[in-house]
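Colleague: The structure follows.
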Amino acid sequence: MHAFDVLGDPVRRRILELLAGGEMTSGGICEVIRAEFGISQPAVSQHLKVLRDSGFATVRPEGTRRLYAVDPVPLREVDQWLDGFRRFWTPPLAALATELARGRRERRRDDDRRTP
């Protein structure tokens, strides 16, 4: 399965977001995903399987529990692919940051002028 096919699913993206915070048990993941998406435990397990099989997540047993974590290698590959497109959004974001900083400076100056 292609990386963007994996990442194109909102449930799998949410699972990766959860795992970005650190290892989680399959039960913990299921609890959050079932609450947010209203899908069954077997459906969550299928999403976890896709993430494992595609290399985006790792799993390790700890007693009777299964702990999932993000595997950063496929994400680095996606990042490298996106690198060819960053030129489309990096300059506008830099310009936005400049404008935001300018606005903050002007507000501070206005506040300083008003302060007796």
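Letters for chains follow the order of the structure tokens (A, B, ...), residue numbers begin at 1 for each chain, and ligand numbers begin at 1 in the order shown.
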Taking 3 positions as the minimum chain separation for residues in the same chain, which residues sit within 12 Å of Glu36 of chain A when counting only C-alpha atoms? Answer as a VMD selection string.

Modeller: chain A and resid 10 to 11 14 to 15 29 to 33 39 to 40 44

Colleague: Going by DSSP on the backbone, which bits of segment 11-107 of chain A are strand (DSSP E)? Write them as a list in words, please.

Modeller: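 Answer for segment 11-107 of chain A restricted to strand (DSSP E) is Met24, Thr25, Ala57, Thr58, Val59, Arg60, Pro61, Glu62, Arg65, Arg66, Leu67, Tyr68, Ala69 and Val70 of chain A.
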
Colleague: Within 9 Å of segment 61-67 of chain A, counting only C-alpha atoms, which residues show up once you throw out same-chain ones fewer than 3 positions away? Write them as a list of chain:residue names, please.

Modeller: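 After dropping sequence-adjacent residues, the list is A:Glu23, A:Met24, A:Thr25, A:Ser26, A:Gly27, A:Thr58.
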
Colleague: May I have the selected residues written with C-alpha atoms, as a compact mmCIF listing (two decimals), in the first residue's frame?

Modeller:
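Heads up, here's the output in again-v1.txt:
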# COMPACT_ATOMS: atom_id res chain seq x y z
CA GLU A 23 3.58 4.30 22.99
CA MET A 24 -0.02 3.26 23.55
CA THR A 25 -1.74 -0.02 24.18
CA SER A 26 -4.09 -1.34 21.54
CA GLY A 27 -6.88 -1.02 24.12
CA THR A 58 5.51 -0.94 15.35

Colleague: Counting only C-alpha atoms, which residue out of A:Ala35, A:Ala57, A:Leu18, A:Val78 sits closest to Asp5 of chain A?

Modeller: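 That would be A:Val78, the residue with the smallest distance to Asp5 of chain A.
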
Colleague: Between atom CA of Asp9 of chain A and atom CA of Ala43 of chain A, what is the spacing in Å?

Modeller: 12.7 Å

Colleague: Select, from A:Ala20, A:Leu93, A:Arg102, A:Gln41, the residue with the minimum atom-to-atom distance to Pro72 of chain A, counting only C-alpha atoms.

Modeller: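 For Pro72 of chain A, the nearest of the candidates is A:Ala20.
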